[in-house]
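Student: Got a structure here, written out as structure tokens. Questions coming.
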Amino acid sequence: MFKTPDYSHITSQDCQLVYEPAEDTFLLLDALEKEFETLQNLRPLICVEVGCGAGVVITFLASLLKSDTLCFGTDINYNAAQLSQKTSNQNGMTVNTIVSDLVNALQPRLNGLIDVLIFNPPYVLTPSEEVGSRDIVASWAGGIDGRQVIDRILPIIPTVLSPKGVFYLLILKENKQDEIEDIMNSHGFEMAVVLQRRTGPERLSVLKFTRIDMTYA
Amino acid sequence: MFLTVFRRMKLLTHNMLTSHVKGVTNGYPLNIEAKDVRVQEVDFNPEFIARMIPKMEYEVLVQAAQSVGHLGNLPPELVTDYENNDEFLKEAHRVMMMVEVVEGSLVCPESGRKFPISNGIPNMLLNEDEV
Ligand SMILES: C[S@@+](CC[C@H](N)C(=O)[O-])C[C@H]1O[C@@H](n2cnc3c(N)ncnc32)[C@H](O)[C@@H]1O
């Protein structure tokens with residue numbers, strides 16, 4: 001129904017520096033499209049994608065929500081922030097990109113103000129030492145259970161999301177969905193699975209978290 | 001295809017950024033040292049601006065506009081009933097959305113740490129010894 005953003009400007013050289021849009025990226029686009037009505041009803045004012053990479057996802061979200069929404073993209077990799085900027089421009093969208101660790105630079109200002117937060121994290125199981133780089137390795141290196149970056153964002157969610165806010169997280173089966181659900185339950189959030197897909201050896205899911213009790217916020 | 005327009009750091013974004021250098025208790029607002037500032041046309045969406053205003057630190061917006069030399073007619077204090085004041089919303093739109101910093105730095109008010117803005121993208125990352 002909605003057009004995938006044009007990313008024909010991305011060169012093979014870019015792909016050596018920045019995560020190239022792949023199956024996980026497209027699953028996230030499909031999940032957002034499936035959520036279009038929910039998103040529209042939410043009337044989000046502020047949306048943030050953490051780890052925006054080549055910028056296709058946040059550009060797509062910006063195109064769904066038009067100029068009624070302020071979109072930020074953060075990445076720990078400078079080249080990714082720059083490429084995201086290009087991708088949004090190429091598609092006539094405005095995305096404000098920032099080089100930051102998670103949402104750090106936007107806190108505390110955006111605490112309680114983010115209506116939609118999206119993260120396709122580095123989810124691959126790797127040795128711990130590989131986590132924490134600021135180059136292309138940061139695209140996939142997830143450490144133990146592929147959870148070392150995921151586990152840093154989960155506790156921040158209750159602080160940054162607005163009362164009606166939604167958090168979309170893409171994970172791999174090996175990231176242990178049940179454990180993630182338990183952690184988020186303990187923060188007062190409930191989980192739903194928006195989409196699941198098997199691509200090659202990877203079993204990917206897009207999870208959605210919302211507050212169990214809005215008065216909890 | 002669209003005629004590609006390059007977007008840079010807006011004063012709206014500046015309004016949301018804080019320095020978290022270790023030991024700093026108040027890293028907000030960041031001072032702007034701008035080397036290259038541009039004003040670019042952006043479609044005016046009054047409803048969006050009116051919804052955004054209560055989320056802004058208005059004084060910081062005024063200071064920021066002043067420091068880059070683009071305050072124009074933005075009133076120093078937020079007018080009452082701004083939702084219905086088209087003239088005000090247009091000025092706020094210009095300052096929030098159209099004034100963009102291409103090159104320069106954001107400076108932590110407490111530690112003096114400079115965060116570079118290059119190609120319109122602020123780099124807020126800290127070194128290992130700063131966190
Ligand atoms: C799997 S890639 C996803 C890229 C893009 N969102 C997509 O869907 O194609 C993960 C992205 O997260 C970024 N990243 C990793 N750790 C991060 C952190 N701590 N803060 C911000 N971004 C991070 C990486 O640089 C990379 O761009």
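Every chain in the structure tokens has a letter given in the order shown (A, B, ...), and although residue numbers restart at 1 in each chain, ligands are simply numbered from 1 in the order shown.
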Could you list the protein, DNA and RNA residues that have any atom within 8 Å of ligand 1, counting only C-alpha atoms and all ligand atoms, and write them as a PyMOL selection string?

Tutor: chain A and resi 18-22+24-26+28+49-58+74-77+80+99-103+119-123+132-141+149

Student: Let me see the file: selected residues, N, CA and C atoms, as a CSV table (one decimal), in the first residue's frame.

Tutor:
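Written file, part.csv:
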chain,number,residue,atom,x,y,z
A,18,VAL,N,28.0,1.3,6.6
A,18,VAL,CA,26.6,1.4,7.3
A,18,VAL,C,25.8,0.1,6.9
A,19,TYR,N,25.0,-0.3,7.9
A,19,TYR,CA,24.2,-1.5,7.7
A,19,TYR,C,23.2,-1.3,6.4
A,20,GLU,N,23.3,-2.2,5.5
A,20,GLU,CA,22.5,-2.2,4.3
A,20,GLU,C,21.1,-2.7,4.6
A,21,PRO,N,20.1,-2.0,4.1
A,21,PRO,CA,18.7,-2.4,4.3
A,21,PRO,C,18.6,-3.9,3.9
A,22,ALA,N,18.1,-4.7,4.9
A,22,ALA,CA,18.0,-6.2,4.7
A,22,ALA,C,16.7,-6.7,5.1
A,24,ASP,N,15.5,-7.8,7.8
A,24,ASP,CA,15.0,-7.3,9.1
A,24,ASP,C,14.4,-5.9,8.9
A,25,THR,N,15.1,-5.1,8.1
A,25,THR,CA,14.6,-3.8,7.8
A,25,THR,C,13.2,-3.8,7.2
A,26,PHE,N,13.1,-4.7,6.2
A,26,PHE,CA,11.8,-4.8,5.5
A,26,PHE,C,10.7,-5.4,6.3
A,28,LEU,N,10.4,-4.8,9.4
A,28,LEU,CA,10.0,-3.6,10.3
A,28,LEU,C,9.1,-2.7,9.4
A,49,GLU,N,13.6,6.9,16.0
A,49,GLU,CA,14.2,5.6,15.7
A,49,GLU,C,15.6,5.5,16.2
A,50,VAL,N,15.9,4.6,17.1
A,50,VAL,CA,17.3,4.4,17.6
A,50,VAL,C,18.0,3.5,16.6
A,51,GLY,N,19.2,3.8,16.3
A,51,GLY,CA,20.0,2.9,15.4
A,51,GLY,C,19.4,3.0,14.0
A,52,CYS,N,19.3,4.2,13.4
A,52,CYS,CA,18.5,4.4,12.1
A,52,CYS,C,19.3,3.8,10.9
A,53,GLY,N,20.6,3.5,11.0
A,53,GLY,CA,21.3,2.9,10.0
A,53,GLY,C,21.2,3.7,8.7
A,54,ALA,N,20.7,3.1,7.6
A,54,ALA,CA,20.6,3.8,6.3
A,54,ALA,C,19.4,4.7,6.2
A,55,GLY,N,18.6,4.6,7.3
A,55,GLY,CA,17.5,5.6,7.4
A,55,GLY,C,16.2,5.2,6.7
A,56,VAL,N,16.1,4.0,6.2
A,56,VAL,CA,14.9,3.6,5.4
A,56,VAL,C,13.7,3.5,6.3
A,57,VAL,N,13.8,3.0,7.5
A,57,VAL,CA,12.7,2.8,8.4
A,57,VAL,C,12.1,4.2,8.9
A,58,ILE,N,12.9,5.0,9.4
A,58,ILE,CA,12.4,6.3,9.9
A,58,ILE,C,11.9,7.2,8.7
A,74,THR,N,18.6,8.4,15.6
A,74,THR,CA,19.9,8.4,16.3
A,74,THR,C,20.7,7.2,15.8
A,75,ASP,N,22.0,7.4,15.8
A,75,ASP,CA,22.8,6.2,15.5
A,75,ASP,C,24.2,6.5,16.2
A,76,ILE,N,24.8,5.4,16.6
A,76,ILE,CA,26.1,5.5,17.3
A,76,ILE,C,27.2,5.7,16.2
A,77,ASN,N,26.9,5.3,15.0
A,77,ASN,CA,27.8,5.4,13.9
A,77,ASN,C,27.5,6.6,13.0
A,80,ALA,N,26.2,6.3,9.6
A,80,ALA,CA,24.8,6.0,9.5
A,80,ALA,C,23.9,7.2,9.6
A,99,VAL,N,24.0,11.9,16.2
A,99,VAL,CA,24.9,10.8,16.5
A,99,VAL,C,24.8,10.8,18.1
A,100,SER,N,24.3,9.6,18.6
A,100,SER,CA,24.1,9.5,20.0
A,100,SER,C,24.1,8.0,20.4
A,101,ASP,N,24.4,7.7,21.6
A,101,ASP,CA,24.2,6.4,22.1
A,101,ASP,C,22.8,6.3,22.5
A,102,LEU,N,22.1,5.3,22.0
A,102,LEU,CA,20.6,5.2,22.2
A,102,LEU,C,19.9,6.5,22.1
A,103,VAL,N,19.1,6.9,23.2
A,103,VAL,CA,18.5,8.2,23.1
A,103,VAL,C,19.1,9.2,24.1
A,119,PHE,N,13.3,0.4,17.4
A,119,PHE,CA,14.7,-0.1,17.4
A,119,PHE,C,14.8,-1.5,16.8
A,120,ASN,N,15.6,-1.5,15.7
A,120,ASN,CA,16.1,-2.7,15.1
A,120,ASN,C,17.6,-2.8,15.6
A,121,PRO,N,17.8,-3.5,16.7
A,121,PRO,CA,19.1,-3.4,17.4
A,121,PRO,C,20.1,-4.4,16.8
A,122,PRO,N,21.4,-4.2,17.2
A,122,PRO,CA,22.3,-5.3,16.9
A,122,PRO,C,21.9,-6.5,17.7
A,123,TYR,N,21.5,-7.5,17.0
A,123,TYR,CA,20.9,-8.7,17.7
A,123,TYR,C,21.6,-10.0,17.5
A,132,GLY,N,29.9,-2.4,21.4
A,132,GLY,CA,30.4,-1.1,21.9
A,132,GLY,C,31.2,-0.4,20.8
A,133,SER,N,31.3,-1.0,19.6
A,133,SER,CA,32.0,-0.2,18.6
A,133,SER,C,31.2,0.9,18.0
A,134,ARG,N,31.8,1.7,17.2
A,134,ARG,CA,31.0,2.8,16.6
A,134,ARG,C,31.1,2.8,15.1
A,135,ASP,N,31.5,1.6,14.6
A,135,ASP,CA,31.5,1.5,13.2
A,135,ASP,C,30.5,0.4,12.8
A,136,ILE,N,30.7,-0.2,11.6
A,136,ILE,CA,29.7,-1.2,11.1
A,136,ILE,C,29.5,-2.4,12.0
A,137,VAL,N,30.5,-2.7,12.8
A,137,VAL,CA,30.3,-3.9,13.7
A,137,VAL,C,29.2,-3.6,14.7
A,138,ALA,N,28.9,-2.3,15.0
A,138,ALA,CA,27.8,-2.0,15.9
A,138,ALA,C,26.4,-2.3,15.3
A,139,SER,N,26.4,-2.6,14.0
A,139,SER,CA,25.2,-3.0,13.3
A,139,SER,C,24.6,-4.3,13.8
A,140,TRP,N,25.6,-5.2,14.1
A,140,TRP,CA,25.1,-6.6,14.4
A,140,TRP,C,25.5,-7.1,15.7
A,141,ALA,N,26.7,-6.6,16.3
A,141,ALA,CA,27.3,-7.3,17.5
A,141,ALA,C,26.4,-7.1,18.7
A,149,VAL,N,22.9,-5.0,23.9
A,149,VAL,CA,22.4,-3.6,23.6
A,149,VAL,C,20.9,-3.5,23.9

Student: What residues in chain B have any atom no more than 8 Å from chain A when counting only C-alpha atoms, and can you write them as a VMD selection string?

Tutor: chain B and resid 1 to 10 13 16 to 20 45 47 to 48 51 to 52 55 119 121 to 125

Student: Any chance you can output those residues with N, CA and C atoms as a PDB file, in the first residue's frame?

Tutor:
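Contents of the output file out22.pdb:
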ATOM      1  N   MET B   1      10.839  12.200  -9.308  1.00  0.00           N
ATOM      2  CA  MET B   1      11.551  12.235  -8.020  1.00  0.00           C
ATOM      3  C   MET B   1      11.538  13.652  -7.461  1.00  0.00           C
ATOM      4  N   PHE B   2      11.828  13.740  -6.187  1.00  0.00           N
ATOM      5  CA  PHE B   2      11.849  15.035  -5.524  1.00  0.00           C
ATOM      6  C   PHE B   2      13.132  15.775  -5.870  1.00  0.00           C
ATOM      7  N   LEU B   3      13.040  17.075  -5.843  1.00  0.00           N
ATOM      8  CA  LEU B   3      14.243  17.884  -5.909  1.00  0.00           C
ATOM      9  C   LEU B   3      14.843  17.787  -4.507  1.00  0.00           C
ATOM     10  N   THR B   4      16.001  17.186  -4.400  1.00  0.00           N
ATOM     11  CA  THR B   4      16.547  16.929  -3.065  1.00  0.00           C
ATOM     12  C   THR B   4      16.937  18.223  -2.356  1.00  0.00           C
ATOM     13  N   VAL B   5      16.355  18.419  -1.187  1.00  0.00           N
ATOM     14  CA  VAL B   5      16.676  19.574  -0.357  1.00  0.00           C
ATOM     15  C   VAL B   5      17.395  19.043   0.859  1.00  0.00           C
ATOM     16  N   PHE B   6      18.553  19.571   1.149  1.00  0.00           N
ATOM     17  CA  PHE B   6      19.274  19.061   2.302  1.00  0.00           C
ATOM     18  C   PHE B   6      18.826  19.720   3.585  1.00  0.00           C
ATOM     19  N   ARG B   7      18.502  18.890   4.540  1.00  0.00           N
ATOM     20  CA  ARG B   7      18.063  19.361   5.848  1.00  0.00           C
ATOM     21  C   ARG B   7      19.222  19.291   6.824  1.00  0.00           C
ATOM     22  N   ARG B   8      19.321  20.271   7.687  1.00  0.00           N
ATOM     23  CA  ARG B   8      20.411  20.332   8.658  1.00  0.00           C
ATOM     24  C   ARG B   8      19.844  20.472  10.052  1.00  0.00           C
ATOM     25  N   MET B   9      20.737  20.681  11.035  1.00  0.00           N
ATOM     26  CA  MET B   9      20.245  20.747  12.406  1.00  0.00           C
ATOM     27  C   MET B   9      19.360  21.963  12.638  1.00  0.00           C
ATOM     28  N   LYS B  10      18.116  21.692  12.970  1.00  0.00           N
ATOM     29  CA  LYS B  10      17.155  22.756  13.227  1.00  0.00           C
ATOM     30  C   LYS B  10      17.278  23.221  14.677  1.00  0.00           C
ATOM     31  N   THR B  13      15.675  20.895  17.032  1.00  0.00           N
ATOM     32  CA  THR B  13      16.499  19.783  17.527  1.00  0.00           C
ATOM     33  C   THR B  13      17.399  20.258  18.669  1.00  0.00           C
ATOM     34  N   MET B  16      16.202  20.107  22.135  1.00  0.00           N
ATOM     35  CA  MET B  16      16.003  18.789  22.761  1.00  0.00           C
ATOM     36  C   MET B  16      17.317  18.146  23.221  1.00  0.00           C
ATOM     37  N   LEU B  17      18.457  18.794  22.963  1.00  0.00           N
ATOM     38  CA  LEU B  17      19.737  18.132  23.230  1.00  0.00           C
ATOM     39  C   LEU B  17      20.388  18.568  24.541  1.00  0.00           C
ATOM     40  N   THR B  18      20.976  17.599  25.236  1.00  0.00           N
ATOM     41  CA  THR B  18      21.656  17.841  26.512  1.00  0.00           C
ATOM     42  C   THR B  18      23.023  17.173  26.503  1.00  0.00           C
ATOM     43  N   SER B  19      23.990  17.824  27.130  1.00  0.00           N
ATOM     44  CA  SER B  19      25.325  17.233  27.298  1.00  0.00           C
ATOM     45  C   SER B  19      25.349  16.394  28.573  1.00  0.00           C
ATOM     46  N   HIS B  20      25.914  15.188  28.444  1.00  0.00           N
ATOM     47  CA  HIS B  20      25.983  14.299  29.610  1.00  0.00           C
ATOM     48  C   HIS B  20      27.417  13.961  29.987  1.00  0.00           C
ATOM     49  N   ASN B  45       2.953  24.210   8.835  1.00  0.00           N
ATOM     50  CA  ASN B  45       1.858  23.391   9.349  1.00  0.00           C
ATOM     51  C   ASN B  45       1.492  23.946  10.737  1.00  0.00           C
ATOM     52  N   GLU B  47      -0.914  23.650  12.777  1.00  0.00           N
ATOM     53  CA  GLU B  47      -1.403  22.745  13.822  1.00  0.00           C
ATOM     54  C   GLU B  47      -0.240  22.028  14.505  1.00  0.00           C
ATOM     55  N   PHE B  48       0.721  21.608  13.681  1.00  0.00           N
ATOM     56  CA  PHE B  48       1.902  20.939  14.231  1.00  0.00           C
ATOM     57  C   PHE B  48       2.675  21.869  15.163  1.00  0.00           C
ATOM     58  N   ARG B  51       0.932  22.316  18.439  1.00  0.00           N
ATOM     59  CA  ARG B  51       1.057  21.134  19.311  1.00  0.00           C
ATOM     60  C   ARG B  51       2.470  21.027  19.894  1.00  0.00           C
ATOM     61  N   MET B  52       3.428  21.525  19.127  1.00  0.00           N
ATOM     62  CA  MET B  52       4.836  21.396  19.516  1.00  0.00           C
ATOM     63  C   MET B  52       5.244  22.421  20.581  1.00  0.00           C
ATOM     64  N   LYS B  55       5.829  21.620  24.184  1.00  0.00           N
ATOM     65  CA  LYS B  55       6.926  20.674  24.434  1.00  0.00           C
ATOM     66  C   LYS B  55       8.289  21.358  24.352  1.00  0.00           C
ATOM     67  N   ASN B 119      28.125  18.705   8.480  1.00  0.00           N
ATOM     68  CA  ASN B 119      27.081  18.402   7.508  1.00  0.00           C
ATOM     69  C   ASN B 119      25.698  18.478   8.146  1.00  0.00           C
ATOM     70  N   ILE B 121      24.827  17.601  11.115  1.00  0.00           N
ATOM     71  CA  ILE B 121      24.521  16.531  12.069  1.00  0.00           C
ATOM     72  C   ILE B 121      25.321  16.714  13.352  1.00  0.00           C
ATOM     73  N   PRO B 122      24.617  16.908  14.483  1.00  0.00           N
ATOM     74  CA  PRO B 122      25.345  17.033  15.746  1.00  0.00           C
ATOM     75  C   PRO B 122      25.860  15.683  16.224  1.00  0.00           C
ATOM     76  N   ASN B 123      27.109  15.658  16.664  1.00  0.00           N
ATOM     77  CA  ASN B 123      27.700  14.424  17.194  1.00  0.00           C
ATOM     78  C   ASN B 123      27.810  14.555  18.708  1.00  0.00           C
ATOM     79  N   MET B 124      26.891  13.877  19.394  1.00  0.00           N
ATOM     80  CA  MET B 124      26.782  14.005  20.848  1.00  0.00           C
ATOM     81  C   MET B 124      27.497  12.886  21.601  1.00  0.00           C
ATOM     82  N   LEU B 125      28.252  12.066  20.871  1.00  0.00           N
ATOM     83  CA  LEU B 125      28.936  10.936  21.521  1.00  0.00           C
ATOM     84  C   LEU B 125      30.021  11.429  22.472  1.00  0.00           C
TER      85      LEU B 125
END

Student: If we count only C-alpha atoms, what is near range 75-82 of chain B at a cut-off of 9 Å, once residues fewer than 4 positions away on the same chain are taken out, given as a PyMOL selection string?

Tutor: chain B and resi 50+53+58-59+62-63+71+86+88-89+91

Student: Write the residues of the preceding selection, restricted to C-alpha atoms, as a short mmCIF file (atom, residue, chain, number, x, y, z; two decimals), in the first residue's frame.

Tutor:
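The new file part.cif reads:
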data_model
loop_
_atom_site.label_atom_id
_atom_site.label_comp_id
_atom_site.auth_asym_id
_atom_site.auth_seq_id
_atom_site.Cartn_x
_atom_site.Cartn_y
_atom_site.Cartn_z
CA ALA B 50 0.79 24.71 18.01
CA ILE B 53 5.07 24.70 21.40
CA TYR B 58 10.54 28.59 24.84
CA GLU B 59 13.24 30.72 26.43
CA VAL B 62 14.54 32.54 21.85
CA GLN B 63 18.16 32.47 23.08
CA LEU B 71 15.43 36.11 16.14
CA ASP B 86 -1.21 32.81 13.02
CA PHE B 88 3.07 34.12 16.04
CA LEU B 89 2.88 30.54 14.77
CA GLU B 91 7.42 33.20 13.39
#

Student: When DSSP works through the backbone of this structure, what residues of chain B end up as strand (DSSP E or B), shown as a list in words?

Tutor: Met9, Lys10, Asn31, Ile32, Glu33, Ala34, Lys35, Asp36, Val37, Arg38, Val39, Val99, Glu100, Val101, Val102, Glu103, Gly104, Ser105, Leu106, Val107, Lys114, Phe115, Pro116, Ile117, Ser118, Ile121, Pro122 and Asn123 of chain B

Student: Tell me, which residues of range 125-155 of chain A carry DSSP helix (DSSP H, G or I), written as a ChimeraX atom specification?

Tutor: /A:128-130,136-139,144-146,150-155
